[in-house]
file work-v5.cif (mmCIF, C-alpha atoms)
data_structure
#
loop_
_atom_site.label_atom_id
_atom_site.label_comp_id
_atom_site.auth_asym_id
_atom_site.auth_seq_id
_atom_site.Cartn_x
_atom_site.Cartn_y
_atom_site.Cartn_z
CA ALA S 1 -19.37 7.26 32.14
CA GLN S 2 -17.97 10.66 31.29
CA SER S 3 -16.78 11.60 27.81
CA VAL S 4 -15.29 14.56 25.97
CA THR S 5 -15.77 15.45 22.33
CA GLN S 6 -13.60 17.83 20.38
CA PRO S 7 -15.36 18.08 17.03
CA ASP S 8 -12.48 19.68 15.13
CA ILE S 9 -9.46 17.49 14.45
CA HIS S 10 -7.44 20.25 12.76
CA ILE S 11 -7.92 24.02 12.55
CA THR S 12 -5.85 26.52 10.59
CA VAL S 13 -5.95 30.24 11.36
CA SER S 14 -3.95 33.24 10.28
CA GLU S 15 -1.69 34.96 12.77
CA GLY S 16 -3.60 37.77 14.46
CA ALA S 17 -6.98 36.18 13.84
CA SER S 18 -9.29 35.09 16.64
CA LEU S 19 -9.56 31.46 17.68
CA GLU S 20 -12.26 29.26 19.16
CA LEU S 21 -11.72 25.57 19.87
CA ARG S 22 -14.82 23.57 20.70
CA CYS S 23 -15.28 21.09 23.51
CA ASN S 24 -18.40 19.23 24.57
CA TYR S 25 -18.53 16.98 27.58
CA SER S 26 -20.86 14.39 29.03
CA TYR S 27 -20.94 13.98 32.79
CA GLY S 28 -23.79 13.51 35.25
CA ALA S 29 -22.63 15.96 37.90
CA THR S 30 -20.97 19.36 37.96
CA PRO S 31 -17.76 18.83 36.04
CA TYR S 32 -14.22 19.92 36.61
CA LEU S 33 -13.06 21.08 33.17
CA PHE S 34 -9.59 21.67 31.78
CA TRP S 35 -7.75 22.75 28.68
CA TYR S 36 -4.20 21.52 28.08
CA VAL S 37 -1.75 22.40 25.33
CA GLN S 38 0.92 20.10 23.92
CA SER S 39 3.79 21.06 21.65
CA PRO S 40 5.17 18.27 19.44
CA GLY S 41 7.02 15.63 21.44
CA GLN S 42 6.35 17.38 24.73
CA GLY S 43 4.21 16.84 27.79
CA LEU S 44 0.93 18.60 28.54
CA GLN S 45 0.77 22.10 29.95
CA LEU S 46 -2.34 23.27 31.76
CA LEU S 47 -3.87 26.35 30.12
CA LEU S 48 -6.86 26.87 32.37
CA LYS S 49 -9.38 25.11 34.57
CA TYR S 50 -12.99 25.46 35.70
CA PHE S 51 -14.18 24.15 39.04
CA SER S 52 -17.11 26.40 39.93
CA GLY S 53 -18.16 30.04 40.09
CA ASP S 54 -17.61 32.47 37.23
CA THR S 55 -18.28 30.65 34.00
CA LEU S 56 -15.65 32.63 32.10
CA VAL S 57 -12.19 31.57 33.17
CA GLN S 58 -8.89 33.13 32.26
CA GLY S 59 -5.77 31.14 31.63
CA ILE S 60 -2.17 31.55 30.64
CA LYS S 61 -0.93 32.87 27.31
CA GLY S 62 -4.04 35.02 26.81
CA PHE S 63 -6.49 32.12 26.57
CA GLU S 64 -9.95 32.06 28.09
CA ALA S 65 -12.78 29.52 28.17
CA GLU S 66 -16.47 29.73 28.87
CA PHE S 67 -18.46 27.03 30.64
CA LYS S 68 -22.02 26.70 29.34
CA ARG S 69 -23.95 24.15 31.31
CA SER S 70 -26.99 24.28 29.03
CA GLN S 71 -24.83 23.32 26.07
CA SER S 72 -22.42 21.02 27.95
CA SER S 73 -19.62 23.01 26.41
CA PHE S 74 -16.31 24.48 27.47
CA ASN S 75 -14.93 26.27 24.43
CA LEU S 76 -11.46 27.77 24.38
CA ARG S 77 -10.91 31.22 22.88
CA LYS S 78 -8.13 33.64 22.12
CA PRO S 79 -8.68 37.07 20.55
CA SER S 80 -5.45 37.18 18.55
CA VAL S 81 -3.41 34.09 17.73
CA HIS S 82 0.38 34.12 17.66
CA TRP S 83 2.54 31.77 15.59
CA SER S 84 3.79 30.22 18.83
CA ASP S 85 0.25 29.02 19.62
CA ALA S 86 0.57 26.30 16.98
CA ALA S 87 0.21 23.08 18.98
CA GLU S 88 -2.32 20.43 19.90
CA TYR S 89 -5.03 21.30 22.39
CA PHE S 90 -6.82 18.86 24.65
CA CYS S 91 -10.01 19.36 26.60
CA ALA S 92 -10.51 17.17 29.67
CA VAL S 93 -13.16 16.50 32.29
CA GLY S 94 -12.28 15.49 35.83
CA ALA S 95 -14.77 13.01 37.20
CA TYR S 96 -15.18 11.13 40.45
CA SER S 97 -14.07 7.53 40.05
CA GLY S 98 -14.85 6.17 43.50
CA ALA S 99 -12.87 5.56 46.70
CA GLY S 100 -12.17 9.25 47.06
CA SER S 101 -10.34 9.55 43.78
CA TYR S 102 -10.86 11.47 40.58
CA GLN S 103 -9.66 10.82 37.07
CA LEU S 104 -9.27 12.83 33.91
CA THR S 105 -10.97 11.88 30.66
CA PHE S 106 -9.51 13.55 27.59
CA GLY S 107 -10.86 14.49 24.21
CA LYS S 108 -8.94 13.37 21.16
CA GLY S 109 -7.42 16.79 20.64
CA THR S 110 -7.50 19.62 18.12
CA LYS S 111 -4.36 20.43 16.20
CA LEU S 112 -3.91 24.15 15.58
CA SER S 113 -1.85 25.41 12.66
CA VAL S 114 -1.05 29.12 12.35
CA ILE S 115 -0.38 30.79 9.00
CA PRO S 116 2.09 33.69 9.19
CA ASP K 1 12.25 23.20 40.92
CA GLY K 2 9.55 20.65 41.54
CA GLY K 3 8.38 18.54 38.69
CA ILE K 4 8.11 15.20 36.96
CA THR K 5 11.00 13.53 35.19
CA GLN K 6 10.61 10.83 32.57
CA SER K 7 13.57 9.06 31.12
CA PRO K 8 14.70 8.42 28.54
CA LYS K 9 12.99 10.76 26.09
CA TYR K 10 13.38 8.24 23.25
CA LEU K 11 13.53 4.48 23.67
CA PHE K 12 13.99 1.79 21.04
CA ARG K 13 13.43 -1.93 21.56
CA LYS K 14 13.14 -5.08 19.55
CA GLU K 15 9.83 -6.90 19.45
CA GLY K 16 9.54 -9.52 22.18
CA GLN K 17 11.56 -7.60 24.76
CA ASN K 18 10.16 -6.09 27.92
CA VAL K 19 11.04 -2.44 28.53
CA THR K 20 10.68 -0.24 31.61
CA LEU K 21 9.90 3.46 31.46
CA SER K 22 10.94 5.64 34.34
CA CYS K 23 8.82 8.29 36.08
CA GLU K 24 10.03 10.28 39.08
CA GLN K 25 8.36 13.22 40.80
CA ASN K 26 9.48 15.57 43.56
CA LEU K 27 6.14 17.30 44.03
CA ASN K 28 5.35 15.21 47.12
CA HIS K 29 2.23 13.94 45.36
CA ASP K 30 0.63 10.73 46.54
CA ALA K 31 -1.10 9.85 43.28
CA MET K 32 0.62 8.97 40.01
CA TYR K 33 -0.68 7.98 36.58
CA TRP K 34 0.47 6.51 33.28
CA TYR K 35 -1.13 7.43 29.97
CA ARG K 36 -0.59 6.25 26.44
CA GLN K 37 -0.96 8.68 23.56
CA ASP K 38 -1.43 7.70 19.93
CA PRO K 39 -2.00 10.15 17.07
CA GLY K 40 -5.63 11.26 16.95
CA GLN K 41 -6.54 9.23 20.04
CA GLY K 42 -5.99 11.61 22.90
CA LEU K 43 -4.66 10.20 26.18
CA ARG K 44 -5.75 6.85 27.52
CA LEU K 45 -5.17 5.77 31.11
CA ILE K 46 -3.01 2.67 31.59
CA TYR K 47 -2.50 2.43 35.36
CA TYR K 48 -2.76 4.71 38.35
CA SER K 49 -1.65 4.62 41.95
CA GLN K 50 -3.20 6.55 44.82
CA ILE K 51 -0.63 5.46 47.42
CA VAL K 52 2.59 3.52 47.80
CA ASN K 53 2.27 -0.23 47.28
CA ASP K 54 -1.15 0.11 45.69
CA PHE K 55 -2.22 0.60 42.08
CA GLN K 56 -5.24 0.06 39.85
CA LYS K 57 -5.76 -0.75 36.21
CA GLY K 58 -6.94 1.96 33.90
CA ASP K 59 -8.74 1.60 30.60
CA ILE K 60 -5.94 -0.13 28.66
CA ALA K 61 -3.84 -2.06 31.19
CA GLU K 62 -3.39 -5.25 29.16
CA GLY K 63 0.25 -5.86 28.30
CA TYR K 64 1.55 -3.40 30.91
CA SER K 65 2.69 -3.68 34.52
CA VAL K 66 3.65 -1.17 37.20
CA SER K 67 5.08 -0.99 40.69
CA ARG K 68 4.91 1.69 43.36
CA GLU K 69 7.56 0.96 45.97
CA LYS K 70 8.38 4.61 46.63
CA LYS K 71 6.22 7.69 46.71
CA GLU K 72 8.45 9.44 44.20
CA SER K 73 8.62 6.69 41.61
CA PHE K 74 6.11 4.87 39.41
CA PRO K 75 7.87 2.83 36.70
CA LEU K 76 5.90 1.32 33.84
CA THR K 77 6.93 -1.94 32.18
CA VAL K 78 5.75 -2.57 28.64
CA THR K 79 5.74 -6.34 28.28
CA SER K 80 6.05 -8.47 25.19
CA ALA K 81 2.32 -9.17 25.54
CA GLN K 82 1.48 -5.62 24.50
CA LYS K 83 0.51 -5.98 20.85
CA ASN K 84 1.12 -2.41 19.72
CA PRO K 85 3.67 -0.91 22.13
CA THR K 86 4.96 1.88 19.88
CA ALA K 87 3.49 5.09 21.32
CA PHE K 88 4.15 8.20 23.35
CA TYR K 89 3.89 7.55 27.10
CA LEU K 90 3.08 10.26 29.61
CA CYS K 91 3.37 10.13 33.37
CA ALA K 92 1.42 12.44 35.66
CA SER K 93 0.92 13.04 39.36
CA SER K 94 -1.60 14.74 41.62
CA ILE K 95 -2.41 15.41 45.24
CA ALA K 96 -4.34 12.52 46.73
CA GLY K 97 -8.06 12.95 46.17
CA GLN K 98 -7.45 15.68 43.58
CA GLY K 99 -6.89 13.53 40.53
CA TYR K 100 -8.81 16.04 38.50
CA GLU K 101 -5.75 18.32 38.61
CA GLN K 102 -2.76 16.45 37.27
CA TYR K 103 0.75 17.58 36.42
CA PHE K 104 2.46 15.94 33.49
CA GLY K 105 5.99 14.89 32.68
CA PRO K 106 7.66 15.47 29.29
CA GLY K 107 6.90 11.98 28.00
CA THR K 108 8.85 9.04 26.55
CA ARG K 109 8.53 8.01 22.93
CA LEU K 110 8.84 4.22 22.68
CA THR K 111 9.49 2.61 19.33
CA VAL K 112 9.37 -1.18 19.02
CA THR K 113 10.49 -2.82 15.79
#

call {"tool": "encode", "arguments": {"input": "work-v5.cif", "output": "structure tokens"}}
result
Amino acid sequence: AQSVTQPDIHITVSEGASLELRCNYSYGATPYLFWYVQSPGQGLQLLLKYFSGDTLVQGIKGFEAEFKRSQSSFNLRKPSVHWSDAAEYFCAVGAYSGAGSYQLTFGKGTKLSVIP
Amino acid sequence: DGGITQSPKYLFRKEGQNVTLSCEQNLNHDAMYWYRQDPGQGLRLIYYSQIVNDFQKGDIAEGYSVSREKKESFPLTVTSAQKNPTAFYLCASSIAGQGYEQYFGPGTRLTVT
């Protein structure tokens, strides 16, 4: 079965500093990989996705992620964090679940705090 | 605008009562999903439906029930058998066969006391 690990429960960075959120996945085939962001009490917003091709993918709000097959990783990065980026971030893998359907498996999330 | 609506945003119930959470989508998606979110636990799949009048249990279906009578609607009932019902519930939808790309509603926070 597939799984996603986000090793960091909580990260604090200063505004303007760079950010990297880690994500490791376990899946037997080529994965579909996603990063979502969630503000408190809100739903999930898709930041970016990887299906195939270029291993560096660009997303919304200045975020990017790099797929590294050899490390089973899909880390999220941003060169300069803004106070509005404070939220919880979830990495997810989309895996085939049979009968023509796919499902998402989520990591437990990383909460990002931003110091002004 | 197309999207997913969940109502209400906050819901309070007494222990022992069943409660139904609403989820409506106008994205013309065939597949719909219910997740439960607890602090530090990520999202866990409760039930999903690939087509009208059909649904399957997810990882934590015990104490929950669903129906899918219309393409646009996928209500979730939290029954009195659910031992820890207080949580944040998220509904999502996707194109059939593309469940790896899901669109999420704003969520309902259920508090049972």

call {"tool": "closest_atom_pairs", "arguments": {"input": "work-v5.cif", "of": "chain K", "to": "chain S", "cutoff": "12 Å", "atoms": "all atoms listed in the file", "output": "tab-separated table"}}
result
residue	atom	partner	partner_atom	distance
K:Gly3	CA	S:Gly43	CA	11.8
K:Ile4	CA	S:Gly43	CA	10.1
K:Thr5	CA	S:Gly43	CA	10.6
K:Gln6	CA	S:Gly43	CA	10.0
K:Lys9	CA	S:Gly41	CA	9.0
K:Tyr10	CA	S:Gly41	CA	9.9
K:Asp30	CA	S:Ser101	CA	11.4
K:Ala31	CA	S:Ser101	CA	9.3
K:Met32	CA	S:Gln103	CA	10.9
K:Tyr33	CA	S:Gln103	CA	9.4
K:Trp34	CA	S:Leu104	CA	11.6
K:Tyr35	CA	S:Leu104	CA	10.5
K:Arg36	CA	S:Phe106	CA	11.6
K:Gln37	CA	S:Lys108	CA	9.6
K:Asp38	CA	S:Lys108	CA	9.5
K:Pro39	CA	S:Lys108	CA	8.7
K:Gly40	CA	S:Lys108	CA	5.8
K:Gln41	CA	S:Lys108	CA	4.9
K:Gly42	CA	S:Lys108	CA	3.9
K:Leu43	CA	S:Phe106	CA	6.1
K:Arg44	CA	S:Phe106	CA	7.7
K:Leu45	CA	S:Thr105	CA	8.4
K:Ile46	CA	S:Gln103	CA	11.9
K:Tyr47	CA	S:Gln103	CA	11.2
K:Tyr48	CA	S:Gln103	CA	9.3
K:Ser49	CA	S:Ser101	CA	10.2
K:Gln50	CA	S:Ser101	CA	7.8
K:Ile51	CA	S:Ser101	CA	11.1
K:Gln56	CA	S:Ser101	CA	11.5
K:Gly58	CA	S:Gln103	CA	9.8
K:Asp59	CA	S:Thr105	CA	10.5
K:Ala87	CA	S:Gly41	CA	11.1
K:Phe88	CA	S:Gly41	CA	8.2
K:Tyr89	CA	S:Gly43	CA	9.3
K:Leu90	CA	S:Gly43	CA	6.9
K:Cys91	CA	S:Gly43	CA	8.8
K:Ala92	CA	S:Leu44	CA	9.4
K:Ser93	CA	S:Gln103	CA	11.1
K:Ser94	CA	S:Tyr102	CA	9.9
K:Ile95	CA	S:Ser101	CA	10.0
K:Ala96	CA	S:Ser101	CA	7.3
K:Gly97	CA	S:Ser101	CA	4.7
K:Gln98	CA	S:Tyr102	CA	6.2
K:Gly99	CA	S:Tyr102	CA	4.5
K:Tyr100	CA	S:Gly94	CA	4.4
K:Glu101	CA	S:Gly94	CA	7.6
K:Gln102	CA	S:Leu104	CA	8.2
K:Tyr103	CA	S:Gln45	CA	7.9
K:Phe104	CA	S:Leu44	CA	5.8
K:Gly105	CA	S:Gly43	CA	5.6
K:Pro106	CA	S:Gly43	CA	4.0
K:Gly107	CA	S:Gly43	CA	5.6
K:Thr108	CA	S:Gly41	CA	8.5
K:Arg109	CA	S:Gly41	CA	7.9
K:Leu110	CA	S:Gly41	CA	11.6

call {"tool": "atom_distance", "arguments": {"input": "work-v5.cif", "atom1": "atom CA of Val52 of chain K", "atom2": "atom CA of Gly2 of chain K"}}
result
19.5 Å

call {"tool": "atom_distance", "arguments": {"input": "work-v5.cif", "atom1": "atom CA of Ser7 of chain K", "atom2": "atom CA of Pro75 of chain K"}}
result
10.1 Å

call {"tool": "resolve_selection", "arguments": {"input": "work-v5.cif", "expression": "the PyMOL selection byres ((chain S and resi 66-83) around 9)", "output": "PDB file with C-alpha atoms, in the frame of the given file"}}
result
ATOM      1  CA  VAL S  13      -5.950  30.240  11.360  1.00  0.00           C
ATOM      2  CA  SER S  14      -3.950  33.240  10.280  1.00  0.00           C
ATOM      3  CA  GLU S  15      -1.690  34.960  12.770  1.00  0.00           C
ATOM      4  CA  GLY S  16      -3.600  37.770  14.460  1.00  0.00           C
ATOM      5  CA  ALA S  17      -6.980  36.180  13.840  1.00  0.00           C
ATOM      6  CA  SER S  18      -9.290  35.090  16.640  1.00  0.00           C
ATOM      7  CA  LEU S  19      -9.560  31.460  17.680  1.00  0.00           C
ATOM      8  CA  GLU S  20     -12.260  29.260  19.160  1.00  0.00           C
ATOM      9  CA  LEU S  21     -11.720  25.570  19.870  1.00  0.00           C
ATOM     10  CA  ARG S  22     -14.820  23.570  20.700  1.00  0.00           C
ATOM     11  CA  CYS S  23     -15.280  21.090  23.510  1.00  0.00           C
ATOM     12  CA  ASN S  24     -18.400  19.230  24.570  1.00  0.00           C
ATOM     13  CA  TYR S  25     -18.530  16.980  27.580  1.00  0.00           C
ATOM     14  CA  SER S  26     -20.860  14.390  29.030  1.00  0.00           C
ATOM     15  CA  TYR S  27     -20.940  13.980  32.790  1.00  0.00           C
ATOM     16  CA  THR S  30     -20.970  19.360  37.960  1.00  0.00           C
ATOM     17  CA  LEU S  33     -13.060  21.080  33.170  1.00  0.00           C
ATOM     18  CA  PHE S  34      -9.590  21.670  31.780  1.00  0.00           C
ATOM     19  CA  TRP S  35      -7.750  22.750  28.680  1.00  0.00           C
ATOM     20  CA  TYR S  50     -12.990  25.460  35.700  1.00  0.00           C
ATOM     21  CA  ASP S  54     -17.610  32.470  37.230  1.00  0.00           C
ATOM     22  CA  THR S  55     -18.280  30.650  34.000  1.00  0.00           C
ATOM     23  CA  LEU S  56     -15.650  32.630  32.100  1.00  0.00           C
ATOM     24  CA  VAL S  57     -12.190  31.570  33.170  1.00  0.00           C
ATOM     25  CA  GLN S  58      -8.890  33.130  32.260  1.00  0.00           C
ATOM     26  CA  LYS S  61      -0.930  32.870  27.310  1.00  0.00           C
ATOM     27  CA  GLY S  62      -4.040  35.020  26.810  1.00  0.00           C
ATOM     28  CA  PHE S  63      -6.490  32.120  26.570  1.00  0.00           C
ATOM     29  CA  GLU S  64      -9.950  32.060  28.090  1.00  0.00           C
ATOM     30  CA  ALA S  65     -12.780  29.520  28.170  1.00  0.00           C
ATOM     31  CA  SER S  84       3.790  30.220  18.830  1.00  0.00           C
ATOM     32  CA  ASP S  85       0.250  29.020  19.620  1.00  0.00           C
ATOM     33  CA  ALA S  86       0.570  26.300  16.980  1.00  0.00           C
ATOM     34  CA  CYS S  91     -10.010  19.360  26.600  1.00  0.00           C
ATOM     35  CA  SER S 113      -1.850  25.410  12.660  1.00  0.00           C
ATOM     36  CA  VAL S 114      -1.050  29.120  12.350  1.00  0.00           C
ATOM     37  CA  ILE S 115      -0.380  30.790   9.000  1.00  0.00           C
ATOM     38  CA  PRO S 116       2.090  33.690   9.190  1.00  0.00           C
TER      39      PRO S 116
END

call {"tool": "atom_distance", "arguments": {"input": "work-v5.cif", "atom1": "atom CA of Asp54 of chain K", "atom2": "atom CA of Glu72 of chain K"}}
result
13.5 Å

call {"tool": "closest_residue", "arguments": {"input": "work-v5.cif", "among": "K:Ser65, K:Asn84, K:Ser73, K:Thr79", "to": "Val19 of chain K", "atoms": "all atoms listed in the file"}}
result
K:Thr79

call {"tool": "residues_near_point", "arguments": {"input": "work-v5.cif", "point": "(10.8, 3.4, 16.7)", "cutoff": "6 Å", "atoms": "all atoms listed in the file", "output": "mmCIF file with C-alpha atoms, in the frame of the given file"}}
result
data_model
loop_
_atom_site.group_PDB
_atom_site.id
_atom_site.type_symbol
_atom_site.label_atom_id
_atom_site.label_comp_id
_atom_site.auth_asym_id
_atom_site.auth_seq_id
_atom_site.Cartn_x
_atom_site.Cartn_y
_atom_site.Cartn_z
ATOM 1 C CA PHE K 12 13.990 1.790 21.040
ATOM 2 C CA THR K 111 9.490 2.610 19.330
ATOM 3 C CA VAL K 112 9.370 -1.180 19.020
#

call {"tool": "resolve_selection", "arguments": {"input": "work-v5.cif", "expression": "the PyMOL selection byres ((chain K and resi 21) around 6)", "output": "MDAnalysis selection string"}}
result
chainID K and resid 20 22 75:76

call {"tool": "write_last_selection", "arguments": {"input": "work-v5.cif", "atoms": "C-alpha atoms", "output": "PDB file, in the frame of the given file"}}
result
ATOM      1  CA  THR K  20      10.680  -0.240  31.610  1.00  0.00           C
ATOM      2  CA  SER K  22      10.940   5.640  34.340  1.00  0.00           C
ATOM      3  CA  PRO K  75       7.870   2.830  36.700  1.00  0.00           C
ATOM      4  CA  LEU K  76       5.900   1.320  33.840  1.00  0.00           C
TER       5      LEU K  76
END

call {"tool": "decode", "arguments": {"input": "work-v5.cif", "residues": "segment 95-105 of chain K", "atoms": "all heavy atoms", "output": "PDB file, in the first residue's frame"}}
result
ATOM      1  N   ILE K  95     -13.142  13.966 -11.542  1.00  0.00           N
ATOM      2  CA  ILE K  95     -13.613  13.325 -12.766  1.00  0.00           C
ATOM      3  C   ILE K  95     -13.472  11.817 -12.572  1.00  0.00           C
ATOM      4  O   ILE K  95     -12.514  11.342 -11.948  1.00  0.00           O
ATOM      5  CB  ILE K  95     -12.780  13.809 -13.969  1.00  0.00           C
ATOM      6  CG1 ILE K  95     -13.009  15.314 -14.171  1.00  0.00           C
ATOM      7  CG2 ILE K  95     -13.114  13.036 -15.232  1.00  0.00           C
ATOM      8  CD1 ILE K  95     -12.066  15.930 -15.190  1.00  0.00           C
ATOM      9  N   ALA K  96     -14.387  11.071 -13.116  1.00  0.00           N
ATOM     10  CA  ALA K  96     -14.326   9.612 -12.986  1.00  0.00           C
ATOM     11  C   ALA K  96     -13.004   9.087 -13.554  1.00  0.00           C
ATOM     12  O   ALA K  96     -12.564   9.497 -14.618  1.00  0.00           O
ATOM     13  CB  ALA K  96     -15.501   8.979 -13.730  1.00  0.00           C
ATOM     14  N   GLY K  97     -12.373   8.199 -12.800  1.00  0.00           N
ATOM     15  CA  GLY K  97     -11.110   7.630 -13.241  1.00  0.00           C
ATOM     16  C   GLY K  97      -9.915   8.531 -13.012  1.00  0.00           C
ATOM     17  O   GLY K  97      -8.777   8.153 -13.313  1.00  0.00           O
ATOM     18  N   GLN K  98     -10.150   9.715 -12.462  1.00  0.00           N
ATOM     19  CA  GLN K  98      -9.055  10.657 -12.174  1.00  0.00           C
ATOM     20  C   GLN K  98      -9.084  11.046 -10.704  1.00  0.00           C
ATOM     21  O   GLN K  98      -8.938  12.212 -10.352  1.00  0.00           O
ATOM     22  CB  GLN K  98      -9.148  11.879 -13.070  1.00  0.00           C
ATOM     23  CG  GLN K  98      -8.952  11.565 -14.541  1.00  0.00           C
ATOM     24  CD  GLN K  98      -8.921  12.810 -15.408  1.00  0.00           C
ATOM     25  OE1 GLN K  98      -8.616  13.910 -14.938  1.00  0.00           O
ATOM     26  NE2 GLN K  98      -9.229  12.648 -16.685  1.00  0.00           N
ATOM     27  N   GLY K  99      -9.261  10.042  -9.852  1.00  0.00           N
ATOM     28  CA  GLY K  99      -9.352  10.330  -8.429  1.00  0.00           C
ATOM     29  C   GLY K  99      -8.072  10.828  -7.819  1.00  0.00           C
ATOM     30  O   GLY K  99      -8.038  11.216  -6.655  1.00  0.00           O
ATOM     31  N   TYR K 100      -7.017  10.827  -8.604  1.00  0.00           N
ATOM     32  CA  TYR K 100      -5.764  11.394  -8.119  1.00  0.00           C
ATOM     33  C   TYR K 100      -5.797  12.917  -8.144  1.00  0.00           C
ATOM     34  O   TYR K 100      -4.912  13.566  -7.594  1.00  0.00           O
ATOM     35  CB  TYR K 100      -4.581  10.872  -8.939  1.00  0.00           C
ATOM     36  CG  TYR K 100      -4.805  10.907 -10.428  1.00  0.00           C
ATOM     37  CD1 TYR K 100      -4.687  12.093 -11.134  1.00  0.00           C
ATOM     38  CD2 TYR K 100      -5.148   9.758 -11.126  1.00  0.00           C
ATOM     39  CE1 TYR K 100      -4.899  12.135 -12.491  1.00  0.00           C
ATOM     40  CE2 TYR K 100      -5.368   9.787 -12.486  1.00  0.00           C
ATOM     41  CZ  TYR K 100      -5.235  10.977 -13.174  1.00  0.00           C
ATOM     42  OH  TYR K 100      -5.443  11.001 -14.516  1.00  0.00           O
ATOM     43  N   GLU K 101      -6.769  13.515  -8.778  1.00  0.00           N
ATOM     44  CA  GLU K 101      -6.866  14.978  -8.839  1.00  0.00           C
ATOM     45  C   GLU K 101      -8.237  15.384  -8.298  1.00  0.00           C
ATOM     46  O   GLU K 101      -9.218  15.423  -9.024  1.00  0.00           O
ATOM     47  CB  GLU K 101      -6.655  15.494 -10.258  1.00  0.00           C
ATOM     48  CG  GLU K 101      -6.557  17.003 -10.308  1.00  0.00           C
ATOM     49  CD  GLU K 101      -5.909  17.506 -11.587  1.00  0.00           C
ATOM     50  OE1 GLU K 101      -5.660  16.673 -12.483  1.00  0.00           O
ATOM     51  OE2 GLU K 101      -5.652  18.708 -11.681  1.00  0.00           O
ATOM     52  N   GLN K 102      -8.273  15.689  -7.039  1.00  0.00           N
ATOM     53  CA  GLN K 102      -9.525  15.980  -6.362  1.00  0.00           C
ATOM     54  C   GLN K 102      -9.632  17.458  -6.000  1.00  0.00           C
ATOM     55  O   GLN K 102      -8.631  18.116  -5.708  1.00  0.00           O
ATOM     56  CB  GLN K 102      -9.638  15.129  -5.091  1.00  0.00           C
ATOM     57  CG  GLN K 102      -9.693  13.632  -5.392  1.00  0.00           C
ATOM     58  CD  GLN K 102      -9.743  12.786  -4.156  1.00  0.00           C
ATOM     59  OE1 GLN K 102     -10.085  13.256  -3.068  1.00  0.00           O
ATOM     60  NE2 GLN K 102      -9.432  11.514  -4.282  1.00  0.00           N
ATOM     61  N   TYR K 103     -10.879  17.924  -5.988  1.00  0.00           N
ATOM     62  CA  TYR K 103     -11.181  19.302  -5.638  1.00  0.00           C
ATOM     63  C   TYR K 103     -11.974  19.282  -4.338  1.00  0.00           C
ATOM     64  O   TYR K 103     -12.919  18.506  -4.211  1.00  0.00           O
ATOM     65  CB  TYR K 103     -11.988  19.957  -6.757  1.00  0.00           C
ATOM     66  CG  TYR K 103     -11.218  20.032  -8.048  1.00  0.00           C
ATOM     67  CD1 TYR K 103     -11.166  18.940  -8.898  1.00  0.00           C
ATOM     68  CD2 TYR K 103     -10.513  21.176  -8.394  1.00  0.00           C
ATOM     69  CE1 TYR K 103     -10.440  18.980 -10.074  1.00  0.00           C
ATOM     70  CE2 TYR K 103      -9.790  21.230  -9.572  1.00  0.00           C
ATOM     71  CZ  TYR K 103      -9.747  20.128 -10.399  1.00  0.00           C
ATOM     72  OH  TYR K 103      -9.018  20.169 -11.558  1.00  0.00           O
ATOM     73  N   PHE K 104     -11.587  20.136  -3.424  1.00  0.00           N
ATOM     74  CA  PHE K 104     -12.116  20.064  -2.065  1.00  0.00           C
ATOM     75  C   PHE K 104     -13.091  21.186  -1.747  1.00  0.00           C
ATOM     76  O   PHE K 104     -12.950  22.312  -2.234  1.00  0.00           O
ATOM     77  CB  PHE K 104     -10.975  20.106  -1.048  1.00  0.00           C
ATOM     78  CG  PHE K 104     -10.211  18.821  -0.971  1.00  0.00           C
ATOM     79  CD1 PHE K 104      -9.218  18.523  -1.887  1.00  0.00           C
ATOM     80  CD2 PHE K 104     -10.512  17.886   0.004  1.00  0.00           C
ATOM     81  CE1 PHE K 104      -8.531  17.315  -1.826  1.00  0.00           C
ATOM     82  CE2 PHE K 104      -9.836  16.682   0.079  1.00  0.00           C
ATOM     83  CZ  PHE K 104      -8.850  16.400  -0.848  1.00  0.00           C
ATOM     84  N   GLY K 105     -14.068  20.854  -0.901  1.00  0.00           N
ATOM     85  CA  GLY K 105     -14.957  21.855  -0.352  1.00  0.00           C
ATOM     86  C   GLY K 105     -14.335  22.535   0.849  1.00  0.00           C
ATOM     87  O   GLY K 105     -13.227  22.186   1.260  1.00  0.00           O
TER      88      GLY K 105
END
